file run.cif (mmCIF, C-alpha atoms)
data_upload
loop_
_atom_site.label_atom_id
_atom_site.label_comp_id
_atom_site.auth_asym_id
_atom_site.auth_seq_id
_atom_site.Cartn_x
_atom_site.Cartn_y
_atom_site.Cartn_z
CA MET A 1 -70.29 -25.38 50.62
CA PRO A 2 -66.75 -26.08 51.74
CA ALA A 3 -64.35 -23.15 51.91
CA THR A 4 -61.93 -22.84 49.08
CA ARG A 5 -58.39 -23.29 50.24
CA SER A 6 -55.44 -21.64 48.67
CA VAL A 7 -52.77 -24.17 47.99
CA PHE A 8 -49.20 -22.81 48.07
CA SER A 9 -46.34 -24.94 46.85
CA PRO A 10 -42.92 -23.67 47.97
CA THR A 11 -41.27 -25.73 45.29
CA ARG A 12 -43.45 -24.46 42.50
CA GLY A 13 -43.07 -20.90 43.65
CA HIS A 14 -39.30 -21.31 43.63
CA GLU A 15 -39.41 -22.69 40.10
CA ASN A 16 -41.53 -19.76 38.96
CA ARG A 17 -39.13 -17.27 40.46
CA GLU A 18 -36.22 -19.05 38.74
CA THR A 19 -38.00 -19.01 35.41
CA PHE A 20 -38.73 -15.33 35.81
CA MET A 21 -35.22 -14.40 36.92
CA LYS A 22 -33.16 -16.37 34.40
CA PRO A 23 -33.79 -14.05 31.40
CA ASN A 24 -32.99 -11.02 33.54
CA ALA A 25 -29.79 -12.64 34.71
CA ARG A 26 -28.83 -13.32 31.14
CA TRP A 27 -29.39 -9.67 30.19
CA VAL A 28 -27.25 -8.54 33.10
CA ILE A 29 -24.45 -10.83 31.98
CA LEU A 30 -24.73 -9.57 28.41
CA LEU A 31 -24.71 -5.94 29.52
CA VAL A 32 -21.68 -6.47 31.72
CA GLY A 33 -19.95 -8.22 28.84
CA ALA A 34 -20.73 -5.34 26.51
CA VAL A 35 -19.30 -2.85 28.99
CA ILE A 36 -16.14 -4.93 29.36
CA CYS A 37 -15.77 -5.20 25.58
CA GLY A 38 -16.32 -1.48 25.23
CA ARG A 39 -13.60 -0.77 27.77
CA ALA A 40 -11.31 -3.24 26.03
CA GLY A 41 -11.98 -1.52 22.73
CA ALA A 42 -11.20 1.85 24.25
CA ALA A 43 -7.99 0.46 25.72
CA GLU A 44 -7.08 -0.99 22.35
CA GLU A 45 -7.68 2.40 20.73
CA THR A 46 -5.33 4.08 23.19
CA ASP A 47 -2.70 1.50 22.21
CA VAL A 48 -2.53 3.03 18.72
CA SER A 49 0.58 5.00 19.54
CA GLY A 50 4.33 4.89 19.19
CA LYS A 51 6.87 5.30 16.40
CA LEU A 52 6.57 3.53 13.06
CA LEU A 53 8.88 3.24 10.07
CA LEU A 54 7.37 2.99 6.60
CA LEU A 55 9.58 2.24 3.59
CA ALA A 56 7.95 3.12 0.26
CA ALA A 57 8.76 3.25 -3.44
CA ALA A 58 10.01 6.65 -4.56
CA SER A 59 7.09 7.04 -6.97
CA THR A 60 4.62 7.09 -4.08
CA SER A 61 6.26 9.83 -2.00
CA GLU A 62 3.78 12.69 -2.43
CA ALA A 63 0.71 10.48 -1.98
CA VAL A 64 2.16 8.62 1.00
CA ASP A 65 3.14 11.89 2.70
CA GLU A 66 -0.49 13.02 2.50
CA ILE A 67 -1.83 9.70 3.76
CA ARG A 68 0.67 9.64 6.60
CA ALA A 69 -0.43 13.12 7.69
CA ALA A 70 -4.11 12.09 7.61
CA PHE A 71 -3.37 8.99 9.70
CA VAL A 72 -1.44 10.97 12.31
CA ARG A 73 -4.32 13.43 12.60
CA LEU A 74 -6.56 10.49 13.50
CA HIS A 75 -3.97 9.03 15.89
CA PRO A 76 -1.98 11.91 17.43
CA GLY A 77 0.01 9.47 19.55
CA VAL A 78 1.64 7.94 16.48
CA THR A 79 4.81 9.13 14.75
CA VAL A 80 5.34 7.74 11.25
CA ARG A 81 8.80 8.07 9.74
CA THR A 82 9.13 7.42 6.02
CA SER A 83 12.02 6.52 3.76
CA TYR A 84 11.63 6.55 -0.02
CA GLY A 85 13.78 4.89 -2.65
CA ALA A 86 14.04 2.04 -5.11
CA SER A 87 11.95 -0.93 -4.02
CA SER A 88 14.95 -3.21 -4.50
CA THR A 89 17.08 -1.15 -2.11
CA LEU A 90 14.33 -0.88 0.51
CA ALA A 91 13.62 -4.62 0.43
CA GLN A 92 17.29 -5.38 0.92
CA GLN A 93 17.38 -2.98 3.87
CA ILE A 94 14.52 -4.87 5.52
CA ASN A 95 16.25 -8.15 4.82
CA VAL A 96 19.42 -7.05 6.62
CA GLY A 97 17.59 -5.77 9.68
CA ALA A 98 16.03 -2.35 9.03
CA GLU A 99 13.33 -1.98 11.68
CA ALA A 100 10.54 -1.24 9.20
CA ASP A 101 6.92 -1.89 10.07
CA LEU A 102 5.47 -1.51 6.58
CA PHE A 103 6.79 -1.61 3.02
CA LEU A 104 5.04 -0.27 -0.08
CA SER A 105 6.81 -1.77 -3.09
CA ALA A 106 6.47 -0.83 -6.77
CA SER A 107 6.86 -4.48 -7.72
CA SER A 108 5.52 -7.83 -6.55
CA GLU A 109 9.02 -9.22 -7.03
CA TRP A 110 10.40 -7.49 -3.94
CA ALA A 111 7.41 -8.39 -1.79
CA ASP A 112 7.96 -12.00 -2.90
CA PHE A 113 11.63 -11.64 -1.97
CA LEU A 114 10.67 -10.72 1.60
CA SER A 115 8.08 -13.49 1.75
CA LYS A 116 10.77 -16.04 0.93
CA LYS A 117 12.82 -14.61 3.81
CA ASP A 118 9.82 -15.18 6.12
CA LEU A 119 9.56 -11.46 6.90
CA VAL A 120 6.00 -10.83 5.70
CA GLN A 121 2.97 -11.07 7.96
CA GLN A 122 0.37 -9.75 5.50
CA ARG A 123 0.34 -8.24 2.02
CA ARG A 124 -2.14 -6.96 -0.51
CA ASP A 125 -1.89 -5.49 -3.99
CA LEU A 126 -2.82 -1.87 -3.43
CA LEU A 127 -2.09 0.13 -6.61
CA SER A 128 -1.26 0.05 -10.28
CA ASN A 129 0.50 2.53 -12.57
CA GLN A 130 1.52 3.10 -16.20
CA LEU A 131 4.78 3.84 -17.97
CA VAL A 132 5.14 7.00 -20.06
CA ILE A 133 7.87 8.62 -22.12
CA VAL A 134 8.75 12.11 -20.90
CA VAL A 135 10.84 14.89 -22.41
CA PRO A 136 11.78 18.34 -21.06
CA ALA A 137 8.77 20.65 -21.07
CA ASP A 138 10.36 22.91 -23.70
CA ALA A 139 11.68 20.10 -25.92
CA THR A 140 10.91 20.30 -29.64
CA VAL A 141 11.79 16.70 -30.47
CA ALA A 142 8.86 14.73 -31.91
CA ILE A 143 8.12 11.47 -30.07
CA GLN A 144 4.91 9.60 -30.78
CA GLY A 145 5.96 6.23 -29.41
CA PRO A 146 8.89 4.11 -28.19
CA LYS A 147 10.31 3.63 -31.71
CA ASP A 148 11.03 7.36 -31.89
CA LEU A 149 13.54 6.98 -29.06
CA SER A 150 15.95 5.54 -31.66
CA GLN A 151 16.31 8.86 -33.47
CA ALA A 152 19.63 10.72 -33.27
CA ALA A 153 18.08 13.62 -31.34
CA ILE A 154 17.71 11.31 -28.34
CA ARG A 155 21.27 10.91 -27.15
CA ARG A 156 20.55 9.96 -23.51
CA LEU A 157 17.54 7.99 -22.29
CA ALA A 158 16.89 8.09 -18.54
CA LEU A 159 15.71 4.88 -16.90
CA ALA A 160 15.70 3.66 -13.34
CA ASP A 161 18.33 0.91 -13.11
CA PRO A 162 16.86 -1.79 -15.39
CA SER A 163 18.77 -4.54 -13.61
CA SER A 164 16.91 -4.15 -10.32
CA VAL A 165 14.59 -1.15 -9.97
CA PRO A 166 10.95 -1.94 -10.91
CA ALA A 167 10.34 1.08 -13.18
CA GLY A 168 13.53 0.33 -15.13
CA LYS A 169 12.75 -3.38 -15.36
CA TYR A 170 9.24 -2.69 -16.66
CA ALA A 171 10.71 -0.27 -19.23
CA LYS A 172 13.30 -2.82 -20.38
CA GLN A 173 10.58 -5.47 -20.73
CA ALA A 174 8.51 -3.13 -22.92
CA LEU A 175 11.46 -2.11 -25.11
CA THR A 176 12.57 -5.72 -25.46
CA ALA A 177 9.06 -6.78 -26.51
CA LEU A 178 9.20 -4.11 -29.22
CA GLY A 179 12.65 -5.25 -30.39
CA LEU A 180 14.19 -1.91 -29.39
CA TRP A 181 16.32 -2.75 -26.37
CA SER A 182 19.47 -3.69 -28.30
CA GLN A 183 19.34 -0.35 -30.13
CA LEU A 184 18.59 1.79 -27.08
CA GLU A 185 20.69 0.11 -24.37
CA ARG A 186 23.79 2.17 -25.25
CA LYS A 187 21.80 5.38 -24.73
CA VAL A 188 20.53 4.49 -21.29
CA ALA A 189 21.45 6.73 -18.38
CA GLY A 190 20.78 4.49 -15.38
CA ALA A 191 19.34 6.10 -12.26
CA ALA A 192 19.15 4.92 -8.66
CA ASP A 193 15.35 5.14 -8.72
CA VAL A 194 12.55 6.44 -10.89
CA ARG A 195 12.61 9.91 -9.33
CA GLN A 196 16.27 10.32 -10.20
CA ALA A 197 15.45 9.28 -13.78
CA LEU A 198 12.81 12.01 -13.80
CA ARG A 199 15.35 14.55 -12.53
CA PHE A 200 17.73 13.64 -15.36
CA VAL A 201 15.06 14.74 -17.82
CA GLU A 202 14.04 17.79 -15.78
CA THR A 203 17.61 19.09 -15.73
CA GLY A 204 18.43 18.23 -19.34
CA ALA A 205 20.92 15.52 -18.38
CA ALA A 206 18.80 13.21 -20.54
CA ASP A 207 16.82 14.00 -23.69
CA ALA A 208 13.99 11.64 -22.74
CA GLY A 209 13.09 9.19 -20.03
CA ILE A 210 10.66 6.42 -19.20
CA VAL A 211 8.95 6.90 -15.84
CA TYR A 212 5.58 6.26 -14.25
CA ALA A 213 2.62 8.40 -15.23
CA THR A 214 2.37 9.53 -11.60
CA ASP A 215 5.97 10.81 -11.65
CA ALA A 216 5.30 12.83 -14.79
CA ALA A 217 2.18 14.30 -13.20
CA ALA A 218 4.25 15.47 -10.22
CA SER A 219 6.61 17.57 -12.36
CA ARG A 220 6.05 20.79 -14.29
CA ALA A 221 9.50 20.54 -15.87
CA VAL A 222 8.60 17.62 -18.14
CA ARG A 223 5.76 16.71 -20.45
CA VAL A 224 4.41 13.33 -21.51
CA ALA A 225 5.36 12.62 -25.11
CA ALA A 226 3.78 9.16 -25.35
CA LYS A 227 2.30 6.35 -23.28
CA ILE A 228 3.63 2.80 -23.30
CA ASP A 229 1.18 -0.04 -23.83
CA PRO A 230 0.77 -1.84 -20.47
CA LYS A 231 0.62 -5.18 -22.28
CA LEU A 232 4.30 -4.85 -23.20
CA SER A 233 5.46 -5.54 -19.62
CA GLN A 234 4.34 -7.58 -16.68
CA PRO A 235 1.47 -5.94 -14.76
CA ILE A 236 2.62 -3.01 -12.64
CA ARG A 237 1.54 -3.73 -9.08
CA TYR A 238 2.28 -2.01 -5.79
CA PRO A 239 1.94 -4.52 -2.94
CA LEU A 240 1.63 -3.18 0.59
CA VAL A 241 3.45 -5.36 3.11
CA LEU A 242 2.94 -5.56 6.86
CA VAL A 243 6.36 -6.71 8.04
CA LYS A 244 6.34 -9.38 10.76
CA ARG A 245 7.74 -7.04 13.41
CA GLY A 246 4.79 -4.71 12.76
CA VAL A 247 2.06 -7.22 13.55
CA GLU A 248 2.71 -6.85 17.28
CA ARG A 249 2.29 -3.07 17.03
CA PRO A 250 -1.37 -1.96 16.91
CA ALA A 251 -0.36 1.31 15.27
CA ALA A 252 1.32 -0.55 12.39
CA VAL A 253 -1.73 -2.75 11.86
CA ALA A 254 -3.97 0.33 11.93
CA LEU A 255 -1.81 2.09 9.33
CA TYR A 256 -1.80 -1.03 7.15
CA GLU A 257 -5.61 -1.00 7.17
CA PHE A 258 -5.78 2.78 6.69
CA PHE A 259 -3.96 2.49 3.37
CA SER A 260 -7.02 0.63 2.03
CA SER A 261 -9.49 3.21 3.34
CA PRO A 262 -11.63 5.41 1.04
CA GLU A 263 -9.69 8.45 2.27
CA ALA A 264 -6.34 6.95 1.27
CA GLY A 265 -7.79 5.74 -2.03
CA ALA A 266 -8.93 9.27 -2.88
CA VAL A 267 -5.40 10.58 -2.29
CA PHE A 268 -3.82 7.92 -4.49
CA ARG A 269 -6.30 8.61 -7.31
CA ARG A 270 -5.65 12.32 -7.11
CA HIS A 271 -1.96 11.59 -7.70
CA GLY A 272 -2.76 9.47 -10.74
CA PHE A 273 -2.57 5.93 -9.34
CA VAL A 274 -5.07 3.22 -10.13
CA VAL A 275 -6.44 1.88 -6.83
CA LEU A 276 -6.95 -1.87 -7.04
CA PRO A 277 -10.07 -3.46 -5.55
CA PRO A 278 -9.65 -5.35 -2.28
CA PRO A 279 -9.16 -9.11 -2.56
CA ASP A 280 -12.32 -11.19 -2.79
CA PRO A 281 -12.62 -13.06 0.54
CA THR A 282 -14.58 -15.85 -1.19
CA GLN A 283 -11.66 -16.67 -3.46
CA PRO A 284 -8.87 -19.00 -2.23
#
call {"tool": "encode", "arguments": {"input": "run.cif", "output": "structure tokens"}}
result
Amino acid sequence: MPATRSVFSPTRGHENRETFMKPNARWVILLVGAVICGRAGAAEETDVSGKLLLLAAASTSEAVDEIRAAFVRLHPGVTVRTSYGASSTLAQQINVGAEADLFLSASSEWADFLSKKDLVQQRRDLLSNQLVIVVPADATVAIQGPKDLSQAAIRRLALADPSSVPAGKYAKQALTALGLWSQLERKVAGAADVRQALRFVETGAADAGIVYATDAAASRAVRVAAKIDPKLSQPIRYPLVLVKRGVERPAAVALYEFFSSPEAGAVFRRHGFVVLPPPDPTQP
């Protein structure tokens, strides 16, 4: 019986070794890539630092202060300065060169204004609110609805400037829809923003005022006499804007996203805001 010979093929052996090694090589490449991505992610995280400027509607001040503090605790390398006021004034400041990174407006109108100036990188409708009629906490005047503002006991009615400030414009729209504006216009004490309108009522400089429900909730010196039907004005929306200069600053982008986080939403709800759902990515 002839001896069995072992046949060795160098070429075949080489092919087998290649076939065996290729998957391992792929895993090595993937692992190296993952490590590089992880390091890049860590580097990106360390980039969340620097000084930011956030301009926000006066009605959001307490809530935004809390959210800012929570964000800074997560990112100790970030300093967030805030400036509160009428959305109209803040938008104009951005338009003339204020170095703001984000803008939280109480009206879509002023976010649209900045969009037309090509100053907006991103925006989303973040919040909603409601108008209420407030009187001093110790007032005895009976007000059950907007029509009662016509009575002689209401000599001064505090509104944020109805020509430009969102809260005042919403109030004027509601009173006009009810056919009351022509009667009440002469009583109006115009304020620079909604918080100043609230202070007019708190101090007795006005007998009543129309402010946001969240403003009334922030004050112990006034009480809500009546709510105003939301259908009487255009929808109250608070768009959050990432200004174009902010897009190149990782900290600004991170803060923009943080405002839509569950933690920020809980703060806004606690202060009486309605938190709007995020936009549906499937919709155009």
call {"tool": "residues_around", "arguments": {"input": "run.cif", "residues": "Asp161 of chain A", "least_positions_apart": "6", "cutoff": "10 Å", "atoms": "only C-alpha atoms", "output": "list in words"}}
result
Ala86, Ala167, Gly168, Lys169, Ala171, Lys172, Val188, Ala189, Gly190, Ala191, Ala192, Asp193, Val194 and Ala197 of chain A
call {"tool": "atom_distance", "arguments": {"input": "run.cif", "atom1": "atom CA of Ser128 of chain A", "atom2": "atom CA of Lys244 of chain A"}}
result
24.3 Å
call {"tool": "residues_around", "arguments": {"input": "run.cif", "residues": "segment 69-74 of chain A", "least_positions_apart": "5", "cutoff": "8 Å", "atoms": "only C-alpha atoms", "output": "short mmCIF file (atom, residue, chain, number, x, y, z; two decimals) with C-alpha atoms, in the coordinates of the input"}}
result
data_model
loop_
_atom_site.label_atom_id
_atom_site.label_comp_id
_atom_site.auth_asym_id
_atom_site.auth_seq_id
_atom_site.Cartn_x
_atom_site.Cartn_y
_atom_site.Cartn_z
CA THR A 79 4.81 9.13 14.75
CA VAL A 80 5.34 7.74 11.25
CA LEU A 255 -1.81 2.09 9.33
CA PHE A 258 -5.78 2.78 6.69
#
call {"tool": "axis_aligned_box", "arguments": {"input": "run.cif", "around": "segment 135-139 of chain A", "padding_each_side": "5 Å", "output": "lines of an AutoDock Vina configuration file"}}
result
center_x = 10.3
center_y = 18.9
center_z = -23.5
size_x = 13.0
size_y = 18.0
size_z = 14.9
call {"tool": "residues_around", "arguments": {"input": "run.cif", "residues": "segment 272-281 of chain A", "least_positions_apart": "3", "cutoff": "12 Å", "atoms": "all atoms listed in the file", "output": "PyMOL selection string"}}
result
chain A and resi 59-60+62-64+106+123-131+212-218+236-240+257+259-269+284
call {"tool": "write_last_selection", "arguments": {"input": "run.cif", "atoms": "C-alpha atoms", "output": "compact mmCIF listing (two decimals), in the frame of the given file"}}
result
# COMPACT_ATOMS: atom_id res chain seq x y z
CA SER A 59 7.09 7.04 -6.97
CA THR A 60 4.62 7.09 -4.08
CA GLU A 62 3.78 12.69 -2.43
CA ALA A 63 0.71 10.48 -1.98
CA VAL A 64 2.16 8.62 1.00
CA ALA A 106 6.47 -0.83 -6.77
CA ARG A 123 0.34 -8.24 2.02
CA ARG A 124 -2.14 -6.96 -0.51
CA ASP A 125 -1.89 -5.49 -3.99
CA LEU A 126 -2.82 -1.87 -3.43
CA LEU A 127 -2.09 0.13 -6.61
CA SER A 128 -1.26 0.05 -10.28
CA ASN A 129 0.50 2.53 -12.57
CA GLN A 130 1.52 3.10 -16.20
CA LEU A 131 4.78 3.84 -17.97
CA TYR A 212 5.58 6.26 -14.25
CA ALA A 213 2.62 8.40 -15.23
CA THR A 214 2.37 9.53 -11.60
CA ASP A 215 5.97 10.81 -11.65
CA ALA A 216 5.30 12.83 -14.79
CA ALA A 217 2.18 14.30 -13.20
CA ALA A 218 4.25 15.47 -10.22
CA ILE A 236 2.62 -3.01 -12.64
CA ARG A 237 1.54 -3.73 -9.08
CA TYR A 238 2.28 -2.01 -5.79
CA PRO A 239 1.94 -4.52 -2.94
CA LEU A 240 1.63 -3.18 0.59
CA GLU A 257 -5.61 -1.00 7.17
CA PHE A 259 -3.96 2.49 3.37
CA SER A 260 -7.02 0.63 2.03
CA SER A 261 -9.49 3.21 3.34
CA PRO A 262 -11.63 5.41 1.04
CA GLU A 263 -9.69 8.45 2.27
CA ALA A 264 -6.34 6.95 1.27
CA GLY A 265 -7.79 5.74 -2.03
CA ALA A 266 -8.93 9.27 -2.88
CA VAL A 267 -5.40 10.58 -2.29
CA PHE A 268 -3.82 7.92 -4.49
CA ARG A 269 -6.30 8.61 -7.31
CA PRO A 284 -8.87 -19.00 -2.23
call {"tool": "closest_residue", "arguments": {"input": "run.cif", "among": "A:Ala57, A:Asp138, A:Val132, A:Ala205", "to": "Lys227 of chain A", "atoms": "all atoms listed in the file"}}
result
A:Val132
call {"tool": "resolve_selection", "arguments": {"input": "run.cif", "expression": "the PyMOL selection byres ((chain A and resi 94-97) around 10)", "output": "JSON, numbers by chain"}}
result
{"A": [55, 89, 90, 91, 92, 93, 98, 99, 100, 101, 102, 103, 113, 114, 117, 118, 119, 243]}
